[in-house]
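S.K.: What follows is coords.pdb; its format and atoms are PDB, C-alpha atoms.
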MODEL        1
ATOM      1  CA  MET A 145     -40.370  29.065  11.781
ATOM      2  CA  ASP A 146     -38.231  31.725  13.457
ATOM      3  CA  GLN A 147     -35.011  31.488  11.393
ATOM      4  CA  SER A 148     -33.115  33.727  13.817
ATOM      5  CA  ASN A 149     -33.274  30.995  16.470
ATOM      6  CA  VAL A 150     -31.717  28.349  14.203
ATOM      7  CA  THR A 151     -28.131  29.092  15.232
ATOM      8  CA  LEU A 152     -24.986  27.115  14.448
ATOM      9  CA  ASP A 153     -24.375  26.442  18.159
ATOM     10  CA  ARG A 154     -27.831  24.905  18.535
ATOM     11  CA  MET A 155     -27.366  22.918  15.354
ATOM     12  CA  ARG A 156     -23.997  21.589  16.600
ATOM     13  CA  SER A 157     -25.519  20.519  19.901
ATOM     14  CA  PHE A 158     -28.360  18.785  18.069
ATOM     15  CA  ILE A 159     -25.967  16.883  15.775
ATOM     16  CA  ARG A 160     -23.790  15.635  18.624
ATOM     17  CA  VAL A 161     -26.803  14.529  20.698
ATOM     18  CA  ALA A 162     -28.154  12.696  17.642
ATOM     19  CA  GLU A 163     -24.806  10.928  17.244
ATOM     20  CA  ARG A 164     -24.146  10.178  20.913
ATOM     21  CA  GLY A 165     -27.710   9.537  22.048
ATOM     22  CA  SER A 166     -26.975  11.199  25.378
ATOM     23  CA  LEU A 167     -27.342  14.779  26.592
ATOM     24  CA  SER A 168     -24.892  14.264  29.448
ATOM     25  CA  ALA A 169     -22.224  12.770  27.173
ATOM     26  CA  VAL A 170     -22.456  15.739  24.815
ATOM     27  CA  ALA A 171     -22.301  18.176  27.718
ATOM     28  CA  ARG A 172     -19.063  16.562  28.918
ATOM     29  CA  GLU A 173     -17.652  16.524  25.396
ATOM     30  CA  MET A 174     -18.440  20.200  24.816
ATOM     31  CA  ALA A 175     -17.425  21.213  28.356
ATOM     32  CA  ILE A 176     -20.744  22.921  29.038
ATOM     33  CA  GLY A 177     -23.576  22.209  31.438
ATOM     34  CA  GLN A 178     -26.206  19.637  30.508
ATOM     35  CA  SER A 179     -28.814  22.328  30.993
ATOM     36  CA  SER A 180     -27.177  24.325  28.176
ATOM     37  CA  VAL A 181     -27.376  21.350  25.815
ATOM     38  CA  THR A 182     -30.997  20.759  26.792
ATOM     39  CA  ARG A 183     -31.786  24.436  26.196
ATOM     40  CA  HIS A 184     -30.127  24.371  22.751
ATOM     41  CA  ILE A 185     -32.281  21.403  21.728
ATOM     42  CA  ARG A 186     -35.478  22.896  23.140
ATOM     43  CA  GLU A 187     -34.897  26.266  21.448
ATOM     44  CA  LEU A 188     -34.093  24.587  18.129
ATOM     45  CA  GLU A 189     -37.254  22.473  18.323
ATOM     46  CA  GLU A 190     -39.303  25.561  19.146
ATOM     47  CA  ALA A 191     -37.775  27.439  16.201
ATOM     48  CA  LEU A 192     -38.495  24.564  13.806
ATOM     49  CA  GLY A 193     -41.908  23.759  15.241
ATOM     50  CA  VAL A 194     -41.234  19.994  15.386
ATOM     51  CA  ALA A 195     -39.967  17.500  17.944
ATOM     52  CA  LEU A 196     -36.481  16.331  16.924
ATOM     53  CA  PHE A 197     -36.070  13.728  19.667
ATOM     54  CA  SER A 198     -38.188  11.263  21.582
ATOM     55  CA  ARG A 199     -36.937  11.053  25.143
ATOM     56  CA  THR A 200     -36.795   8.287  27.739
ATOM     57  CA  THR A 201     -35.227   8.295  31.172
ATOM     58  CA  ARG A 202     -32.005   6.795  29.754
ATOM     59  CA  ARG A 203     -31.699   7.891  26.145
ATOM     60  CA  VAL A 204     -32.833  10.287  23.478
ATOM     61  CA  ALA A 205     -33.603   9.066  19.978
ATOM     62  CA  LEU A 206     -34.313  10.911  16.747
ATOM     63  CA  THR A 207     -37.880  11.238  15.547
ATOM     64  CA  ALA A 208     -38.633  10.853  11.844
ATOM     65  CA  GLU A 209     -38.460  14.644  11.546
ATOM     66  CA  GLY A 210     -35.190  14.614  13.471
ATOM     67  CA  GLU A 211     -33.709  12.050  11.081
ATOM     68  CA  ARG A 212     -34.478  14.257   8.096
ATOM     69  CA  TYR A 213     -33.189  17.381   9.812
ATOM     70  CA  TYR A 214     -29.990  15.622  10.921
ATOM     71  CA  ALA A 215     -29.031  14.634   7.365
ATOM     72  CA  ASN A 216     -29.358  18.231   6.189
ATOM     73  CA  ALA A 217     -27.802  19.801   9.293
ATOM     74  CA  VAL A 218     -24.618  17.729   8.952
ATOM     75  CA  GLN A 219     -24.134  18.913   5.391
ATOM     76  CA  ILE A 220     -24.846  22.540   6.339
ATOM     77  CA  LEU A 221     -22.246  22.559   9.118
ATOM     78  CA  ARG A 222     -19.669  20.890   6.919
ATOM     79  CA  LEU A 223     -20.217  23.537   4.253
ATOM     80  CA  VAL A 224     -19.808  26.259   6.882
ATOM     81  CA  GLU A 225     -16.560  24.651   8.066
ATOM     82  CA  GLN A 226     -15.357  24.199   4.490
ATOM     83  CA  ALA A 227     -16.056  27.844   3.668
ATOM     84  CA  GLY A 228     -13.942  28.952   6.627
ATOM     85  CA  ASP A 229     -11.154  26.544   5.727
ATOM     86  CA  GLU A 230     -11.035  27.701   2.122
ATOM     87  CA  ALA A 231     -11.096  31.366   3.162
ATOM     88  CA  ARG A 232      -8.098  30.804   5.440
ATOM     89  CA  ASP A 233      -6.240  28.453   3.110
ATOM     90  CA  THR A 234      -3.199  30.077   1.533
ATOM     91  CA  GLY A 235      -1.768  26.882   0.060
ATOM     92  CA  ARG A 236      -0.515  25.555   3.387
ATOM     93  CA  ALA A 237      -2.256  23.313   5.896
ATOM     94  CA  SER A 238      -4.471  25.374   8.163
ATOM     95  CA  ALA A 239      -4.769  24.182  11.723
ATOM     96  CA  GLY A 240      -7.735  21.922  12.212
ATOM     97  CA  THR A 241      -8.943  18.349  12.291
ATOM     98  CA  VAL A 242      -9.028  15.625   9.651
ATOM     99  CA  ARG A 243     -11.501  12.854  10.392
ATOM    100  CA  VAL A 244     -10.377   9.437   9.188
ATOM    101  CA  SER A 245     -12.148   6.071   9.191
ATOM    102  CA  CYS A 246     -10.126   2.896   8.672
ATOM    103  CA  THR A 247     -10.632  -0.852   8.496
ATOM    104  CA  ALA A 248      -9.986  -1.895  12.097
ATOM    105  CA  ALA A 249      -7.196  -4.488  11.900
ATOM    106  CA  LEU A 250      -5.219  -2.527   9.305
ATOM    107  CA  GLY A 251      -5.628   0.613  11.386
ATOM    108  CA  VAL A 252      -4.357  -1.022  14.561
ATOM    109  CA  ARG A 253      -1.459  -2.843  12.924
ATOM    110  CA  HIS A 254      -0.117  -0.206  10.522
ATOM    111  CA  ILE A 255      -2.140   2.883   9.585
ATOM    112  CA  SER A 256      -1.911   4.231  13.133
ATOM    113  CA  ARG A 257       1.886   4.578  12.855
ATOM    114  CA  LEU A 258       1.465   6.429   9.562
ATOM    115  CA  ILE A 259      -0.954   8.813  11.259
ATOM    116  CA  PHE A 260       1.600   9.405  14.027
ATOM    117  CA  ALA A 261       4.310  10.155  11.442
ATOM    118  CA  PHE A 262       1.967  12.545   9.626
ATOM    119  CA  GLN A 263       1.270  14.466  12.818
ATOM    120  CA  ASP A 264       4.997  14.659  13.586
ATOM    121  CA  ARG A 265       5.427  16.319  10.196
ATOM    122  CA  HIS A 266       2.345  18.552  10.621
ATOM    123  CA  PRO A 267       1.962  19.285  14.356
ATOM    124  CA  ASP A 268      -0.881  21.777  13.828
ATOM    125  CA  ILE A 269      -3.172  19.161  12.263
ATOM    126  CA  ALA A 270      -5.345  17.051  14.564
ATOM    127  CA  VAL A 271      -6.576  13.643  13.420
ATOM    128  CA  ASP A 272      -9.773  11.991  14.614
ATOM    129  CA  PHE A 273      -8.998   8.334  13.819
ATOM    130  CA  GLY A 274     -11.967   5.947  13.888
ATOM    131  CA  LEU A 275     -11.651   2.179  13.442
ATOM    132  CA  THR A 276     -14.536   0.140  12.065
ATOM    133  CA  ASP A 277     -15.211  -2.610   9.556
ATOM    134  CA  GLU A 278     -18.714  -1.256   8.944
ATOM    135  CA  ARG A 279     -19.424   0.616   5.720
ATOM    136  CA  ILE A 280     -20.265   3.988   7.214
ATOM    137  CA  ASP A 281     -21.806   6.995   5.512
ATOM    138  CA  LEU A 282     -18.883   9.430   5.429
ATOM    139  CA  VAL A 283     -20.999  12.535   4.928
ATOM    140  CA  ARG A 284     -23.549  11.634   7.592
ATOM    141  CA  ASP A 285     -20.873  10.663  10.115
ATOM    142  CA  GLY A 286     -18.686  13.689   9.492
ATOM    143  CA  VAL A 287     -15.702  11.729   8.118
ATOM    144  CA  ASP A 288     -13.325  13.299   5.603
ATOM    145  CA  ILE A 289     -11.568  10.194   4.275
ATOM    146  CA  ALA A 290     -11.896   6.435   4.698
ATOM    147  CA  ILE A 291      -9.327   3.686   4.122
ATOM    148  CA  ARG A 292     -11.065   0.576   2.854
ATOM    149  CA  LEU A 293     -10.099  -2.941   1.787
ATOM    150  CA  GLY A 294     -12.075  -4.817  -0.850
ATOM    151  CA  PRO A 295     -14.198  -3.958  -3.876
ATOM    152  CA  LEU A 296     -16.183  -0.742  -3.668
ATOM    153  CA  ALA A 297     -19.728  -0.004  -4.692
ATOM    154  CA  ASP A 298     -20.332   2.945  -6.980
ATOM    155  CA  SER A 299     -20.737   6.157  -5.027
ATOM    156  CA  SER A 300     -20.368   9.917  -5.279
ATOM    157  CA  LEU A 301     -17.174   9.783  -3.193
ATOM    158  CA  LYS A 302     -13.776  10.356  -4.750
ATOM    159  CA  ARG A 303     -11.571   7.270  -4.893
ATOM    160  CA  ARG A 304      -7.788   7.121  -4.668
ATOM    161  CA  ALA A 305      -6.365   3.671  -5.392
ATOM    162  CA  LEU A 306      -3.555   2.915  -2.947
ATOM    163  CA  GLY A 307      -2.609  -0.543  -4.172
ATOM    164  CA  LEU A 308      -3.272  -4.223  -3.659
ATOM    165  CA  SER A 309      -3.005  -6.099  -0.376
ATOM    166  CA  ARG A 310      -1.343  -9.493  -0.885
ATOM    167  CA  ARG A 311      -2.623 -12.465   1.075
ATOM    168  CA  VAL A 312      -1.107 -15.795   2.039
ATOM    169  CA  LEU A 313      -2.397 -19.081   3.426
ATOM    170  CA  VAL A 314      -1.053 -19.552   6.960
ATOM    171  CA  GLY A 315      -1.010 -21.987   9.851
ATOM    172  CA  SER A 316       0.980 -22.450  13.034
ATOM    173  CA  PRO A 317       3.745 -25.089  13.271
ATOM    174  CA  ALA A 318       1.670 -26.990  15.853
ATOM    175  CA  CYS A 319      -1.375 -26.951  13.566
ATOM    176  CA  LEU A 320       0.669 -28.230  10.634
ATOM    177  CA  GLU A 321       2.280 -30.945  12.709
ATOM    178  CA  ARG A 322      -1.220 -32.117  13.590
ATOM    179  CA  GLN A 323      -2.824 -31.809  10.154
ATOM    180  CA  GLY A 324       0.173 -32.224   7.873
ATOM    181  CA  ARG A 325       1.967 -29.936   5.433
ATOM    182  CA  PRO A 326       0.153 -29.827   2.093
ATOM    183  CA  THR A 327       2.001 -29.822  -1.207
ATOM    184  CA  THR A 328      -1.001 -29.197  -3.504
ATOM    185  CA  PRO A 329      -4.363 -27.442  -3.013
ATOM    186  CA  ASP A 330      -6.087 -30.836  -3.091
ATOM    187  CA  ASP A 331      -4.182 -31.796   0.064
ATOM    188  CA  LEU A 332      -6.174 -29.190   2.004
ATOM    189  CA  ALA A 333      -9.335 -31.297   1.945
ATOM    190  CA  GLY A 334     -10.319 -32.052   5.509
ATOM    191  CA  PHE A 335      -8.102 -29.376   7.096
ATOM    192  CA  ASP A 336      -9.546 -27.376   9.972
ATOM    193  CA  GLY A 337      -9.870 -23.729   9.019
ATOM    194  CA  VAL A 338     -10.582 -20.442  10.734
ATOM    195  CA  ARG A 339     -13.521 -18.871   8.914
ATOM    196  CA  MET A 340     -14.808 -15.303   8.896
ATOM    197  CA  SER A 341     -18.462 -14.986   9.857
ATOM    198  CA  ASN A 342     -18.690 -11.491   8.353
ATOM    199  CA  ILE A 343     -17.375 -12.526   4.925
ATOM    200  CA  ALA A 344     -19.680 -14.394   2.562
ATOM    201  CA  GLY A 345     -18.223 -17.623   1.214
ATOM    202  CA  SER A 346     -15.424 -17.916   3.781
ATOM    203  CA  ASP A 347     -16.091 -21.670   3.962
ATOM    204  CA  ARG A 348     -14.645 -21.913   0.460
ATOM    205  CA  LEU A 349     -10.991 -21.032   0.002
ATOM    206  CA  THR A 350      -9.826 -19.776  -3.407
ATOM    207  CA  LEU A 351      -6.128 -20.016  -4.278
ATOM    208  CA  GLU A 352      -4.407 -18.638  -7.359
ATOM    209  CA  GLY A 353      -1.606 -20.768  -8.782
ATOM    210  CA  PRO A 354       1.592 -19.607 -10.478
ATOM    211  CA  ASP A 355      -0.065 -19.975 -13.875
ATOM    212  CA  GLY A 356      -3.033 -17.832 -12.816
ATOM    213  CA  ALA A 357      -5.390 -20.796 -12.496
ATOM    214  CA  LEU A 358      -7.834 -20.654  -9.586
ATOM    215  CA  HIS A 359      -8.319 -23.584  -7.212
ATOM    216  CA  ALA A 360     -11.358 -23.718  -4.903
ATOM    217  CA  VAL A 361     -11.130 -25.769  -1.714
ATOM    218  CA  SER A 362     -13.801 -26.298   0.953
ATOM    219  CA  LEU A 363     -12.668 -25.061   4.339
ATOM    220  CA  GLY A 364     -14.133 -26.679   7.445
ATOM    221  CA  GLY A 365     -13.447 -26.129  11.123
ATOM    222  CA  ARG A 366     -15.251 -25.350  14.356
ATOM    223  CA  LEU A 367     -14.273 -21.697  14.726
ATOM    224  CA  ARG A 368     -15.712 -18.602  13.093
ATOM    225  CA  VAL A 369     -14.607 -15.059  13.948
ATOM    226  CA  ASP A 370     -15.689 -11.649  12.689
ATOM    227  CA  HIS A 371     -12.469  -9.665  13.067
ATOM    228  CA  GLY A 372      -9.025  -9.920  11.501
ATOM    229  CA  LEU A 373      -7.231  -9.544  14.829
ATOM    230  CA  ALA A 374      -9.242 -12.454  16.236
ATOM    231  CA  ALA A 375      -8.280 -14.543  13.181
ATOM    232  CA  ARG A 376      -4.624 -13.676  13.813
ATOM    233  CA  GLU A 377      -4.888 -14.963  17.380
ATOM    234  CA  ALA A 378      -6.708 -18.086  16.226
ATOM    235  CA  TYR A 379      -3.987 -18.936  13.695
ATOM    236  CA  LEU A 380      -1.345 -18.335  16.344
ATOM    237  CA  ALA A 381      -3.167 -20.624  18.779
ATOM    238  CA  GLY A 382      -3.261 -23.425  16.219
ATOM    239  CA  ARG A 383      -7.050 -23.412  15.814
ATOM    240  CA  GLY A 384      -6.777 -23.899  12.064
ATOM    241  CA  ILE A 385      -5.393 -22.591   8.796
ATOM    242  CA  GLY A 386      -6.725 -19.764   6.699
ATOM    243  CA  PRO A 387      -6.019 -16.774   4.454
ATOM    244  CA  ALA A 388      -4.417 -13.685   5.956
ATOM    245  CA  HIS A 389      -3.262 -10.332   4.653
ATOM    246  CA  VAL A 390       0.532 -10.188   4.811
ATOM    247  CA  TRP A 391       0.357  -7.012   6.926
ATOM    248  CA  LEU A 392      -1.756  -8.863   9.496
ATOM    249  CA  VAL A 393       0.793 -11.610  10.185
ATOM    250  CA  ASP A 394       4.157 -10.309   8.922
ATOM    251  CA  ASP A 395       5.752 -10.349  12.367
ATOM    252  CA  LEU A 396       4.469 -13.859  13.125
ATOM    253  CA  LEU A 397       5.852 -15.131   9.825
ATOM    254  CA  ALA A 398       9.213 -13.448  10.430
ATOM    255  CA  ASP A 399       9.790 -15.162  13.783
ATOM    256  CA  GLY A 400       8.384 -18.542  12.725
ATOM    257  CA  ARG A 401       5.250 -18.524  14.849
ATOM    258  CA  LEU A 402       3.245 -18.911  11.639
ATOM    259  CA  GLU A 403       4.182 -20.568   8.348
ATOM    260  CA  VAL A 404       3.058 -19.969   4.778
ATOM    261  CA  LEU A 405       1.355 -22.996   3.225
ATOM    262  CA  LEU A 406       1.653 -23.637  -0.511
ATOM    263  CA  PRO A 407       3.801 -20.560  -1.221
ATOM    264  CA  ASP A 408       3.162 -20.938  -4.970
ATOM    265  CA  HIS A 409      -0.594 -20.669  -4.380
ATOM    266  CA  ALA A 410      -2.125 -17.636  -2.702
ATOM    267  CA  PRO A 411      -5.557 -16.141  -2.114
ATOM    268  CA  PRO A 412      -6.178 -13.323  -4.626
ATOM    269  CA  ALA A 413      -4.965  -9.890  -3.559
ATOM    270  CA  VAL A 414      -7.504  -7.341  -2.318
ATOM    271  CA  PRO A 415      -7.776  -3.685  -3.480
ATOM    272  CA  LEU A 416      -6.878  -0.977  -0.964
ATOM    273  CA  ASN A 417      -8.498   2.414  -1.561
ATOM    274  CA  LEU A 418      -8.953   5.842  -0.077
ATOM    275  CA  LEU A 419     -12.447   7.301  -0.215
ATOM    276  CA  ILE A 420     -12.666  11.079   0.037
ATOM    277  CA  VAL A 421     -15.697  13.309   0.521
ATOM    278  CA  PRO A 422     -15.566  15.502  -2.625
ATOM    279  CA  GLU A 423     -16.414  18.713  -0.771
ATOM    280  CA  ARG A 424     -13.437  18.123   1.554
ATOM    281  CA  ALA A 425     -10.871  17.064  -1.027
ATOM    282  CA  GLY A 426      -9.665  20.600  -1.728
ATOM    283  CA  ILE A 427      -8.992  21.531   1.891
ATOM    284  CA  ALA A 428      -5.249  21.710   2.473
ATOM    285  CA  ARG A 429      -5.008  19.505   5.559
ATOM    286  CA  VAL A 430      -7.190  16.813   3.998
ATOM    287  CA  ARG A 431      -5.186  16.958   0.787
ATOM    288  CA  LEU A 432      -1.922  16.700   2.719
ATOM    289  CA  LEU A 433      -3.031  13.573   4.564
ATOM    290  CA  VAL A 434      -4.309  11.939   1.384
ATOM    291  CA  GLU A 435      -0.959  12.544  -0.348
ATOM    292  CA  PHE A 436       1.003  11.385   2.687
ATOM    293  CA  LEU A 437      -0.907   8.110   2.895
ATOM    294  CA  ALA A 438      -0.544   7.540  -0.847
ATOM    295  CA  GLU A 439       3.230   8.028  -0.523
ATOM    296  CA  THR A 440       3.796   5.926   2.592
ATOM    297  CA  VAL A 441       1.337   3.058   2.153
ATOM    298  CA  ALA A 442       4.018   1.007   0.378
ATOM    299  CA  THR A 443       5.876   0.769   3.720
ATOM    300  CA  ILE A 444       3.106  -1.562   4.925
ATOM    301  CA  PRO A 445       4.146  -5.221   4.449
ATOM    302  CA  GLY A 446       2.347  -6.885   1.566
ATOM    303  CA  ILE A 447       0.948  -3.718  -0.008
ATOM    304  CA  GLU A 448       1.802  -3.432  -3.677
ATOM    305  CA  ARG A 449       1.540   0.163  -4.787
ATOM    306  CA  SER A 450      -1.034   0.865  -7.467
ATOM    307  CA  SER A 451       0.180   2.290 -10.740
ATOM    308  CA  ARG A 452      -3.107   4.149 -11.048
ATOM    309  CA  GLY A 453      -4.851   6.511  -8.741
TER     310      GLY A 453
ENDMDL
END
Rewrite the structure from the file as structure tokens, please.
M.R.:
Amino acid sequence: MDQSNVTLDRMRSFIRVAERGSLSAVAREMAIGQSSVTRHIRELEEALGVALFSRTTRRVALTAEGERYYANAVQILRLVEQAGDEARDTGRASAGTVRVSCTAALGVRHISRLIFAFQDRHPDIAVDFGLTDERIDLVRDGVDIAIRLGPLADSSLKRRALGLSRRVLVGSPACLERQGRPTTPDDLAGFDGVRMSNIAGSDRLTLEGPDGALHAVSLGGRLRVDHGLAAREAYLAGRGIGPAHVWLVDDLLADGRLEVLLPDHAPPAVPLNLLIVPERAGIARVRLLVEFLAETVATIPGIERSSRG
């Protein structure tokens, strides 16, 4: 292998093509000709002595060798970037980009405005804000921090507990006029519900009473959705009742378009956490955004700040 031909520019082109699956898309993104991207890939493959991509007329896809090289190349480039950041860092935020991944509905409804406020305070810091409910690989996908709802699996990532997200049981006035207004959890039997197809056990509703006792109720209904924003619209349209994070429906509750059922019984709260790539945690701009989110998350309706973290 000719190491001198394995340059950072060629490695960057390779990584972006692997992620986008398109030479032309990467050329537009990098503001260079497609022939330059093609040349970078060809020269890198020649230097390594392996084919990194299999090519069709419409798309390029990683070979098995390309998959292995991609995982290592991402980490190498991030270490190069980190070394430059730390060399320039004098205790203030150096200009640059923080890459953030966030649960989609929470990001749309509330985290986006916090990101805007952060950038107003730090105009030299760019934020690449991605919204997804998938559990992505932060290192592989080049993400610095992720904002996640729900229990977390053990991992090598750093965790910063932000708090708990309170939930309520909601329905529209029209839905409740049709089905009735329950006074106990047992009254919910037979109610139409809006269920989440991407959450296991969403056909069984668990409510916590004022004494801490848990009540399980079967939830029927003809509609399943796989996104919180779709559930919000379904509740609003009277398609059924169901659990909702307070931050998802706070405005609808405030103006009476939705009502809280059984206010003394609520679905258990859900943990809200920040996940941080350890190698990025010490970089000033990443650290600043982490601290800003930890300070301002309590402005989101229904988020109870964690006493730990």
S.K.: Measure the distance from atom CA of A:Lys302 to atom CA of A:Phe158 in Å and round it to one decimal.
M.R.: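 Between atom CA of A:Lys302 and atom CA of A:Phe158 the gap works out to 28.4 Å.
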S.K.: Excluding A:Pro411 and its own-chain neighbours fewer than 2 positions away, which residues fall within 6 Å of it when counting all atoms listed in the file? Please give them as a ChimeraX atom specification.
M.R.: /A:311,350-352
S.K.: Fewer than 3 positions away in the same chain doesn't count, so skip those; otherwise give me all residues within 10 Å of A:His409, counting only C-alpha atoms, as a list in words.
M.R.: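 The residues that qualify are Val312, Leu313, Thr328, Pro329, Thr350, Leu351, Glu352, Gly353, Pro354, Asp355, Gly356, Ala357, Leu358, His359, Val404, Leu405, Leu406 and Pro412 of chain A.
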S.K.: Have a look at atom CA of A:Phe436 and atom CA of A:Gly372 and let me know their distance in Å, one decimal.
M.R.: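 Computing it gives 25.1 Å between the two atoms.
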S.K.: Choose the residue, out of A:Ile447, A:Val150, A:Ala215, A:Ala290, that has the smallest atom-to-atom separation from A:Gly193; count only C-alpha atoms.
M.R.: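 The shortest atom-to-atom distance to A:Gly193 comes from A:Val150.
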S.K.: Determine the nearest neighbour of A:Ala248 from the options A:Leu392, A:His266, A:Ala442, A:Gly165, counting all atoms listed in the file.
M.R.: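 Result for the nearest residue to A:Ala248: A:Leu392.
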S.K.: Can you turn the PyMOL selection byres ((chain A and resi 318-320) around 10) into a concrete residue list for this file, as a ChimeraX atom specification?
M.R.: /A:314-317,321-326,335-336,379-385,401-403,405
S.K.: What residues come out when you apply the PyMOL selection byres ((chain A and resi 293) around 6) to this file, written as an NGL selection string?
M.R.: :A and (292 or 294 or 415-416)
S.K.: Please produce stretch 159-166 of chain A, completed to all heavy atoms, as a PDB file, in the coordinates of the input.
M.R.:
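out-v4.pdb, freshly written:
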ATOM      1  N   ILE A 159     -26.675  17.928  16.517  1.00  0.00           N
ATOM      2  CA  ILE A 159     -25.967  16.883  15.775  1.00  0.00           C
ATOM      3  C   ILE A 159     -25.236  15.951  16.728  1.00  0.00           C
ATOM      4  O   ILE A 159     -25.282  14.719  16.578  1.00  0.00           O
ATOM      5  CB  ILE A 159     -24.992  17.522  14.765  1.00  0.00           C
ATOM      6  CG1 ILE A 159     -25.784  18.131  13.609  1.00  0.00           C
ATOM      7  CG2 ILE A 159     -23.990  16.495  14.242  1.00  0.00           C
ATOM      8  CD1 ILE A 159     -24.944  18.956  12.660  1.00  0.00           C
ATOM      9  N   ARG A 160     -24.552  16.485  17.708  1.00  0.00           N
ATOM     10  CA  ARG A 160     -23.790  15.635  18.624  1.00  0.00           C
ATOM     11  C   ARG A 160     -24.717  14.781  19.485  1.00  0.00           C
ATOM     12  O   ARG A 160     -24.421  13.617  19.778  1.00  0.00           O
ATOM     13  CB  ARG A 160     -22.864  16.474  19.501  1.00  0.00           C
ATOM     14  CG  ARG A 160     -21.736  17.117  18.745  1.00  0.00           C
ATOM     15  CD  ARG A 160     -20.969  16.101  17.910  1.00  0.00           C
ATOM     16  NE  ARG A 160     -20.253  15.151  18.734  1.00  0.00           N
ATOM     17  CZ  ARG A 160     -20.000  13.888  18.420  1.00  0.00           C
ATOM     18  NH1 ARG A 160     -20.444  13.399  17.279  1.00  0.00           N
ATOM     19  NH2 ARG A 160     -19.338  13.105  19.232  1.00  0.00           N
ATOM     20  N   VAL A 161     -25.855  15.332  19.923  1.00  0.00           N
ATOM     21  CA  VAL A 161     -26.803  14.529  20.698  1.00  0.00           C
ATOM     22  C   VAL A 161     -27.367  13.411  19.815  1.00  0.00           C
ATOM     23  O   VAL A 161     -27.529  12.271  20.262  1.00  0.00           O
ATOM     24  CB  VAL A 161     -27.942  15.407  21.259  1.00  0.00           C
ATOM     25  CG1 VAL A 161     -29.030  14.541  21.888  1.00  0.00           C
ATOM     26  CG2 VAL A 161     -27.383  16.381  22.301  1.00  0.00           C
ATOM     27  N   ALA A 162     -27.651  13.720  18.565  1.00  0.00           N
ATOM     28  CA  ALA A 162     -28.154  12.696  17.642  1.00  0.00           C
ATOM     29  C   ALA A 162     -27.131  11.572  17.488  1.00  0.00           C
ATOM     30  O   ALA A 162     -27.492  10.399  17.397  1.00  0.00           O
ATOM     31  CB  ALA A 162     -28.471  13.322  16.292  1.00  0.00           C
ATOM     32  N   GLU A 163     -25.852  11.921  17.455  1.00  0.00           N
ATOM     33  CA  GLU A 163     -24.806  10.928  17.244  1.00  0.00           C
ATOM     34  C   GLU A 163     -24.454  10.166  18.521  1.00  0.00           C
ATOM     35  O   GLU A 163     -24.124   8.978  18.463  1.00  0.00           O
ATOM     36  CB  GLU A 163     -23.553  11.607  16.676  1.00  0.00           C
ATOM     37  CG  GLU A 163     -23.769  12.148  15.273  1.00  0.00           C
ATOM     38  CD  GLU A 163     -22.645  13.037  14.774  1.00  0.00           C
ATOM     39  OE1 GLU A 163     -21.838  13.505  15.614  1.00  0.00           O
ATOM     40  OE2 GLU A 163     -22.575  13.275  13.559  1.00  0.00           O
ATOM     41  N   ARG A 164     -24.526  10.830  19.650  1.00  0.00           N
ATOM     42  CA  ARG A 164     -24.146  10.178  20.913  1.00  0.00           C
ATOM     43  C   ARG A 164     -25.329   9.541  21.636  1.00  0.00           C
ATOM     44  O   ARG A 164     -25.162   8.613  22.420  1.00  0.00           O
ATOM     45  CB  ARG A 164     -23.479  11.193  21.854  1.00  0.00           C
ATOM     46  CG  ARG A 164     -22.171  11.778  21.348  1.00  0.00           C
ATOM     47  CD  ARG A 164     -21.070  10.741  21.260  1.00  0.00           C
ATOM     48  NE  ARG A 164     -20.791  10.139  22.550  1.00  0.00           N
ATOM     49  CZ  ARG A 164     -19.926  10.644  23.448  1.00  0.00           C
ATOM     50  NH1 ARG A 164     -19.282  11.765  23.183  1.00  0.00           N
ATOM     51  NH2 ARG A 164     -19.709  10.035  24.587  1.00  0.00           N
ATOM     52  N   GLY A 165     -26.529  10.071  21.389  1.00  0.00           N
ATOM     53  CA  GLY A 165     -27.710   9.537  22.048  1.00  0.00           C
ATOM     54  C   GLY A 165     -27.784   9.864  23.521  1.00  0.00           C
ATOM     55  O   GLY A 165     -28.531   9.223  24.266  1.00  0.00           O
ATOM     56  N   SER A 166     -27.026  10.872  23.952  1.00  0.00           N
ATOM     57  CA  SER A 166     -26.975  11.199  25.378  1.00  0.00           C
ATOM     58  C   SER A 166     -26.694  12.682  25.552  1.00  0.00           C
ATOM     59  O   SER A 166     -25.698  13.207  25.037  1.00  0.00           O
ATOM     60  CB  SER A 166     -25.883  10.377  26.067  1.00  0.00           C
ATOM     61  OG  SER A 166     -25.613  10.878  27.361  1.00  0.00           O
TER      62      SER A 166
END
